[in-house]
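Shown next: protein16.cif, containing mmCIF, C-alpha atoms.
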data_work
#
loop_
_atom_site.label_atom_id
_atom_site.label_comp_id
_atom_site.auth_asym_id
_atom_site.auth_seq_id
_atom_site.Cartn_x
_atom_site.Cartn_y
_atom_site.Cartn_z
CA MET A 1 77.63 214.52 64.35
CA THR A 2 76.18 212.45 67.15
CA HIS A 3 74.99 209.79 64.70
CA ALA A 4 78.43 209.70 63.05
CA ALA A 5 80.10 209.28 66.40
CA ASP A 6 77.73 206.45 67.29
CA GLY A 7 78.49 204.73 63.99
CA ASP A 8 82.23 205.00 64.57
CA ALA A 9 81.79 203.52 68.04
CA ARG A 10 79.88 200.53 66.70
CA MET A 11 82.46 199.66 63.98
CA PRO A 12 85.08 198.10 66.31
CA LEU A 13 82.36 196.03 67.92
CA ARG A 14 81.27 194.72 64.52
CA LYS A 15 84.84 193.85 63.60
CA GLU A 16 85.32 191.99 66.87
CA LYS A 17 82.07 190.13 66.29
CA GLN A 18 83.18 189.16 62.78
CA GLN A 19 86.49 187.88 64.14
CA TYR A 20 84.71 185.74 66.71
CA VAL A 21 82.41 184.34 64.03
CA GLY A 22 85.43 183.44 61.90
CA MET A 23 87.08 181.72 64.85
CA LEU A 24 83.85 179.81 65.47
CA TYR A 25 83.84 178.52 61.89
CA CYS A 26 87.47 177.40 62.25
CA LEU A 27 86.83 175.63 65.56
CA PRO A 28 85.76 172.23 64.12
CA TYR A 29 88.93 172.04 62.01
CA VAL A 30 91.10 173.06 64.96
CA VAL A 31 89.51 170.40 67.18
CA VAL A 32 89.96 167.67 64.54
CA PHE A 33 93.54 168.80 63.87
CA LEU A 34 94.38 168.69 67.58
CA MET A 35 92.70 165.32 68.18
CA GLY A 36 93.84 163.68 64.95
CA THR A 37 97.35 165.10 64.51
CA ILE A 38 98.86 167.01 67.42
CA LEU A 39 97.79 164.73 70.27
CA PRO A 40 98.89 161.51 68.50
CA ILE A 41 102.29 163.08 67.80
CA LEU A 42 102.67 164.12 71.43
CA TYR A 43 101.60 160.66 72.59
CA ALA A 44 104.10 159.03 70.22
CA LEU A 45 106.79 161.35 71.57
CA TYR A 46 105.86 160.32 75.11
CA LEU A 47 106.00 156.61 74.24
CA SER A 48 109.40 156.99 72.55
CA PHE A 49 111.04 157.94 75.86
CA PHE A 50 110.15 154.60 77.47
CA LYS A 51 110.85 150.92 76.96
CA GLU A 52 108.43 148.17 77.90
CA ARG A 53 110.03 145.29 79.78
CA MET A 54 108.60 141.84 80.37
CA VAL A 55 109.39 142.22 84.06
CA GLY A 56 109.03 145.53 85.82
CA GLY A 57 106.80 147.34 83.32
CA SER A 58 107.89 150.41 81.36
CA ARG A 59 111.15 152.17 82.11
CA PHE A 60 112.29 155.67 81.11
CA VAL A 61 115.19 155.39 78.64
CA GLY A 62 115.49 158.97 77.39
CA LEU A 63 116.76 159.22 73.82
CA LYS A 64 117.95 155.61 73.52
CA ASN A 65 115.11 154.65 71.16
CA PHE A 66 116.02 157.55 68.85
CA VAL A 67 119.72 156.62 68.93
CA ARG A 68 118.74 153.06 68.04
CA ALA A 69 116.53 154.29 65.19
CA VAL A 70 119.24 156.49 63.70
CA SER A 71 121.63 153.52 63.57
CA ASP A 72 119.01 151.00 62.41
CA SER A 73 120.10 149.54 59.06
CA LYS A 74 116.61 148.17 58.34
CA LEU A 75 115.08 151.63 58.69
CA TRP A 76 117.60 153.23 56.35
CA GLU A 77 117.24 150.41 53.85
CA SER A 78 113.47 150.92 53.77
CA PHE A 79 113.90 154.69 53.57
CA GLY A 80 116.26 154.37 50.64
CA ARG A 81 113.79 152.04 48.93
CA VAL A 82 110.89 154.53 49.15
CA SER A 83 113.22 157.30 47.99
CA LEU A 84 113.98 155.25 44.88
CA TYR A 85 110.25 154.58 44.51
CA PHE A 86 109.64 158.34 44.62
CA LEU A 87 112.17 158.95 41.85
CA ILE A 88 110.61 156.22 39.72
CA GLN A 89 106.97 157.09 40.27
CA VAL A 90 106.42 160.79 40.95
CA PRO A 91 108.18 162.61 38.05
CA LEU A 92 106.51 160.45 35.39
CA MET A 93 103.14 160.54 37.13
CA LEU A 94 103.12 164.34 37.44
CA ALA A 95 104.37 164.73 33.86
CA LEU A 96 101.59 162.52 32.52
CA ALA A 97 99.00 164.31 34.68
CA LEU A 98 100.18 167.70 33.43
CA LEU A 99 100.19 166.50 29.81
CA ALA A 100 96.64 165.16 30.17
CA ALA A 101 95.49 168.43 31.73
CA LEU A 102 97.05 170.47 28.93
CA ILE A 103 95.39 168.26 26.30
CA LEU A 104 92.00 168.62 27.97
CA ASP A 105 92.49 172.38 28.29
CA SER A 106 93.45 172.77 24.63
CA GLY A 107 89.78 172.80 23.62
CA ARG A 108 90.33 170.27 20.82
CA ILE A 109 88.59 167.36 22.51
CA ARG A 110 84.86 166.86 22.15
CA HIS A 111 82.71 165.74 25.06
CA ILE A 112 85.50 166.60 27.45
CA ALA A 113 83.57 165.34 30.48
CA ILE A 114 84.00 161.71 29.35
CA PRO A 115 87.83 161.54 29.17
CA ARG A 116 88.06 163.69 32.29
CA MET A 117 85.85 161.25 34.20
CA LEU A 118 87.69 158.19 32.83
CA LEU A 119 91.06 159.61 33.86
CA PHE A 120 89.81 160.43 37.34
CA LEU A 121 87.96 157.13 37.85
CA PRO A 122 90.98 155.06 39.07
CA TYR A 123 91.37 157.47 42.01
CA ALA A 124 87.92 156.36 43.22
CA VAL A 125 89.20 152.78 43.54
CA PRO A 126 90.50 152.10 47.09
CA GLY A 127 94.23 151.46 47.24
CA VAL A 128 93.76 147.95 48.66
CA ILE A 129 91.42 146.97 45.81
CA ALA A 130 93.80 148.46 43.24
CA ALA A 131 96.73 146.46 44.68
CA LEU A 132 94.69 143.24 44.61
CA MET A 133 93.57 143.89 41.04
CA TRP A 134 97.04 144.67 39.76
CA GLY A 135 98.48 141.75 41.71
CA TYR A 136 96.25 139.50 39.62
CA ILE A 137 97.17 141.32 36.40
CA TYR A 138 100.89 140.89 37.14
CA GLY A 139 100.53 137.12 37.63
CA GLN A 140 103.13 135.31 35.54
CA ARG A 141 101.02 132.17 35.03
CA ASN A 142 97.36 132.79 35.73
CA GLY A 143 97.33 136.58 35.61
CA LEU A 144 96.14 138.71 32.72
CA ILE A 145 99.66 139.43 31.48
CA GLY A 146 100.65 135.79 31.83
CA GLN A 147 97.61 134.64 29.84
CA PHE A 148 98.36 137.18 27.13
CA PHE A 149 101.92 135.87 26.66
CA GLN A 150 100.68 132.28 26.73
CA MET A 151 98.46 133.03 23.73
CA PHE A 152 101.66 133.53 21.72
CA GLY A 153 103.55 130.68 23.37
CA ALA A 154 105.93 133.02 25.17
CA GLN A 155 107.05 133.30 28.79
CA ALA A 156 105.65 136.33 30.60
CA PRO A 157 108.09 138.56 32.50
CA ASN A 158 108.00 138.21 36.27
CA LEU A 159 106.71 141.63 37.29
CA LEU A 160 106.61 140.57 40.94
CA SER A 161 110.31 139.75 41.11
CA ALA A 162 112.71 141.63 43.37
CA ASP A 163 114.14 143.58 40.42
CA ALA A 164 110.75 144.66 39.04
CA MET A 165 108.77 145.11 42.26
CA LEU A 166 109.35 148.85 42.71
CA PHE A 167 108.34 149.48 39.10
CA SER A 168 105.22 147.37 39.57
CA ILE A 169 104.24 149.21 42.75
CA SER A 170 104.92 152.58 41.15
CA ASN A 171 102.70 151.62 38.22
CA ILE A 172 99.81 150.93 40.62
CA ALA A 173 100.27 154.31 42.33
CA ARG A 174 100.58 156.06 38.97
CA TRP A 175 97.35 154.46 37.77
CA CYS A 176 95.55 155.56 40.93
CA PHE A 177 96.82 159.12 41.31
CA MET A 178 97.46 160.42 37.81
CA GLY A 179 93.80 161.39 37.30
CA TYR A 180 93.66 163.07 40.70
CA ASN A 181 96.64 165.30 39.91
CA MET A 182 95.34 165.85 36.38
CA LEU A 183 92.13 167.29 37.81
CA ILE A 184 94.09 169.68 40.05
CA PHE A 185 96.18 170.87 37.09
CA TYR A 186 93.10 171.19 34.88
CA ALA A 187 91.25 173.27 37.49
CA SER A 188 94.24 175.62 37.74
CA LEU A 189 94.48 175.97 33.96
CA ARG A 190 90.80 176.90 33.70
CA VAL A 191 91.23 180.05 35.80
CA ILE A 192 94.01 181.50 33.61
CA PRO A 193 92.63 184.53 31.70
CA GLY A 194 91.95 183.69 28.07
CA GLU A 195 93.35 187.07 26.98
CA LEU A 196 96.85 185.76 27.62
CA TYR A 197 96.34 183.00 25.07
CA GLU A 198 94.90 185.41 22.52
CA SER A 199 97.86 187.76 22.92
CA ALA A 200 100.30 184.90 22.47
CA ARG A 201 98.51 183.69 19.34
CA ILE A 202 98.54 187.20 17.87
CA ASP A 203 102.31 187.23 18.44
CA GLY A 204 102.53 184.01 16.41
CA ALA A 205 103.04 181.53 19.26
CA SER A 206 102.15 177.89 18.57
CA GLU A 207 99.98 175.85 20.94
CA PHE A 208 103.07 174.08 22.23
CA ARG A 209 104.75 177.42 22.89
CA ILE A 210 101.67 178.71 24.68
CA ALA A 211 101.58 175.62 26.89
CA TRP A 212 105.30 175.84 27.70
CA SER A 213 105.67 179.62 28.11
CA VAL A 214 102.22 180.66 29.37
CA LYS A 215 100.23 177.83 30.87
CA ILE A 216 102.89 175.94 32.83
CA PRO A 217 104.51 179.08 34.34
CA MET A 218 101.06 180.29 35.41
CA ILE A 219 100.43 177.13 37.46
CA ARG A 220 103.84 176.83 39.09
CA SER A 221 102.35 176.99 42.58
CA THR A 222 99.99 174.11 41.72
CA VAL A 223 102.88 172.00 40.40
CA ILE A 224 104.80 172.58 43.63
CA MET A 225 101.73 171.73 45.73
CA THR A 226 101.15 168.42 43.94
CA LEU A 227 104.86 167.61 44.23
CA LEU A 228 104.75 168.18 48.00
CA PHE A 229 101.68 165.96 48.34
CA SER A 230 103.41 163.29 46.25
CA ILE A 231 106.52 163.39 48.44
CA ILE A 232 104.44 162.87 51.57
CA GLY A 233 102.45 160.08 49.91
CA SER A 234 105.60 158.33 48.69
CA TYR A 235 107.17 158.16 52.14
CA GLN A 236 103.86 156.89 53.56
CA LEU A 237 103.79 153.95 51.13
CA PHE A 238 102.05 151.02 52.79
CA ASN A 239 98.94 149.55 51.13
CA GLU A 240 100.43 148.34 47.84
CA PRO A 241 103.50 146.49 49.18
CA ASN A 242 101.55 145.17 52.16
CA ILE A 243 98.95 143.58 49.86
CA LEU A 244 101.51 142.27 47.35
CA LYS A 245 103.48 140.76 50.25
CA THR A 246 100.86 138.01 50.47
CA LEU A 247 101.68 137.05 46.87
CA VAL A 248 105.48 137.21 47.09
CA PRO A 249 106.56 137.12 50.76
CA GLU A 250 110.09 136.24 49.69
CA VAL A 251 110.40 139.58 47.83
CA ILE A 252 108.62 141.99 50.19
CA ASN A 253 109.86 141.71 53.77
CA SER A 254 108.50 143.25 56.96
CA TYR A 255 110.65 146.38 56.57
CA TYR A 256 110.12 146.97 52.86
CA THR A 257 108.93 150.54 53.58
CA PRO A 258 109.25 152.69 56.73
CA ASN A 259 105.50 152.47 57.38
CA MET A 260 105.54 148.68 57.07
CA TYR A 261 108.54 148.55 59.41
CA THR A 262 106.80 150.72 61.99
CA TYR A 263 103.58 148.73 61.70
CA ASN A 264 105.33 145.39 62.17
CA LEU A 265 107.40 146.70 65.07
CA ALA A 266 104.26 147.85 66.88
CA PHE A 267 101.75 145.09 66.09
CA THR A 268 103.90 142.05 65.31
CA GLY A 269 106.98 142.67 67.40
CA GLN A 270 105.02 144.36 70.21
CA ASP A 271 107.75 147.02 70.48
CA ILE A 272 105.45 150.03 70.58
CA ASN A 273 108.00 152.37 72.16
CA TYR A 274 110.63 151.81 69.50
CA ALA A 275 107.96 151.96 66.78
CA ALA A 276 106.94 155.40 68.06
CA ALA A 277 110.56 156.60 67.86
CA VAL A 278 110.94 155.21 64.33
CA SER A 279 107.74 156.90 63.17
CA LEU A 280 108.92 160.25 64.57
CA VAL A 281 112.31 159.91 62.86
CA VAL A 282 110.65 159.08 59.52
CA GLY A 283 108.19 161.95 59.93
CA SER A 284 110.97 164.42 60.77
CA ILE A 285 113.06 163.42 57.74
CA THR A 286 110.01 163.65 55.50
CA MET A 287 109.26 167.14 56.84
CA LEU A 288 112.85 168.21 56.11
CA ILE A 289 112.59 166.93 52.53
CA VAL A 290 109.25 168.71 52.08
CA ALA A 291 110.70 171.94 53.49
CA ALA A 292 113.69 171.75 51.11
CA VAL A 293 111.44 171.16 48.09
CA LYS A 294 109.16 173.99 49.23
CA LEU A 295 112.14 176.34 49.44
CA PHE A 296 113.28 175.33 45.96
CA GLY A 297 109.72 175.71 44.67
CA SER A 298 109.39 179.20 46.13
CA ARG A 299 112.52 180.29 44.29
CA TRP A 300 111.16 178.77 41.07
CA GLU A 301 107.88 180.64 41.51
CA GLU A 302 109.73 183.96 41.97
CA ARG A 303 111.47 183.68 38.60
#
Please, can you express the file's structure as structure tokens?
Amino acid sequence: MTHAADGDARMPLRKEKQQYVGMLYCLPYVVVFLMGTILPILYALYLSFFKERMVGGSRFVGLKNFVRAVSDSKLWESFGRVSLYFLIQVPLMLALALLAALILDSGRIRHIAIPRMLLFLPYAVPGVIAALMWGYIYGQRNGLIGQFFQMFGAQAPNLLSADAMLFSISNIARWCFMGYNMLIFYASLRVIPGELYESARIDGASEFRIAWSVKIPMIRSTVIMTLLFSIIGSYQLFNEPNILKTLVPEVINSYYTPNMYTYNLAFTGQDINYAAAVSLVVGSITMLIVAAVKLFGSRWEER
């Protein structure tokens, strides 16, 4: 009985020790999260309450920068533009990624590692390089598309025009991120028990029916996760339009996207305080959109 009592006394100590070990493992992430996310947000919040003057230094202005941001037509124009970009780019990109993952998971493709690698390869290309490459491809005269049309004596469409620019940018992002999302979907499909497929086939279900009624419902949480990441990425759009701006400055202005607007306010206009307020407004709206989609996704998962 004495030994049993000693063992019971040691158990809480072991549990406490395990908890401390777990906290120790989490410490590096917590430090990076605080230094890389929380502190910059707090510093931006601090800056947004002031206004830098040419004479007299900074002055506390309270919420005036936020009031100015809420009524800023340039900010809302850029926000509406990235919202349209999201509607153009994300649904098709996720649909293609899911279709590719389902095809790879069907087991009817030989040497599956090759197409999987080829689909994922564009994600390894930095966004700046991808924008430069596609900027050349889009060229109406000397670009790849322009040269192709010239072979047949035809005029190439201007894919860098104001009307086509969002579609051109969305195509670059789709090319870069489709393989990344495909790999996430494919990894989720691989952990679904094979017995479910066998049961469905015994019941006479076709492969299309299995994909629609078994596979896709089983990875609902993954679909929602990729959608949330895509929303955040869409409202952070910066590299592609910023690179293409050098090719067509008359089409892409300094406030083409919220991130470009914030960047130019801070580093070109030297209005750091207002740029901080704008970035916080954009971040808050993005968080609200993400929260709404997450709520909708949770209800879809519960069905």
- Item | Resolved residues for the PyMOL selection byres ((chain A and resi 147-162) around 9) as a list in words | Gly135, Tyr138, Gly139, Gln140, Arg141, Asn142, Gly143, Leu144, Ile145, Gly146, Asp163, Ala164, Met165, Leu166, Phe167, Ser168, Leu244, Leu247, Val248, Glu250, Val251 and Ile252 of chain A
- Message: To one decimal place in Å, what is the distance between atom CA of Met218 of chain A and atom CA of Leu189 of chain A?
- Response: 8.0 Å
- Query: Can you tell me how far atom CA of Pro122 of chain A sits from atom CA of Lys215 of chain A, in Å to one decimal?
  - Reply: 25.9 Å
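One distance worth recording is that between atom CA of Val191 of chain A and atom CA of Ile210 of chain A, which is 15.3 Å.
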- Query: Written as a VMD selection string, which residues does the PyMOL selection byres ((chain A and resi 120) around 8) give for the file shown?
  - Reply: chain A and resid 116 to 119 121 to 124 178 to 180 182 to 183
- Residue neighbourhood segment 225-240 of chain A, 10 Å, all atoms listed in the file, exclusion window fewer than 4 positions, as a PyMOL selection string: chain A and resi 78-87+89-91+93-94+126-132+134-135+168-170+172-173+177+180-182+184-185+219-221+244-245+256-261+263+282-283+285-287+289-291+293-294+297
- Query: the PyMOL selection byres ((chain A and resi 106) around 12) on the file shown: which residues, as a PyMOL selection string?
  - Reply: chain A and resi 99-105+107-110+112+186+189-190+194+197+206-208+210-211+215
- Top pick for closest residue to Leu265 of chain A, considering A:Met23, A:Val214, A:Leu34, A:Ala69 and counting all atoms listed in the file: A:Ala69
When you look at Tyr43 of chain A with a cut-off of 10 Å (counting all atoms listed in the file), what residues show up, excluding the ones that are within fewer than 5 positions of it in the same chain? I need them as a PDB file with C-alpha atoms, keeping the file's coordinate frame.
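Okay, part_37.pdb is ready:
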ATOM      1  CA  ILE A  38      98.860 167.010  67.420  1.00  0.00           C
ATOM      2  CA  SER A  48     109.400 156.990  72.550  1.00  0.00           C
ATOM      3  CA  ALA A 276     106.940 155.400  68.060  1.00  0.00           C
TER       4      ALA A 276
END
Is it possible to get the axis-aligned box enclosing segment 122-135 of chain A (all listed atoms, 3 Å extra per side) as AutoDock Vina command-line options, with centre and edge lengths in Å rounded to one decimal?
--center_x 93.2 --center_y 149.6 --center_z 43.9 --size_x 16.6 --size_y 21.7 --size_z 15.6
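The closest residue to Ser284 of chain A, picked from A:Met35, A:Val70, A:Gly269, A:Tyr46 and counting all atoms listed in the file, is A:Val70.
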- Identify which of the residues A:Asn253, A:Ile224, A:Tyr20, A:Ile272 lies closest to Trp300 of chain A, counting all atoms listed in the file when measuring atom-to-atom distances. A:Ile224
- Task: Find, counting all atoms listed in the file, the residue in A:Asp271, A:Glu198, A:Asp72, A:Asp203 that gets nearest to Ser58 of chain A.
- Result: A:Asp271
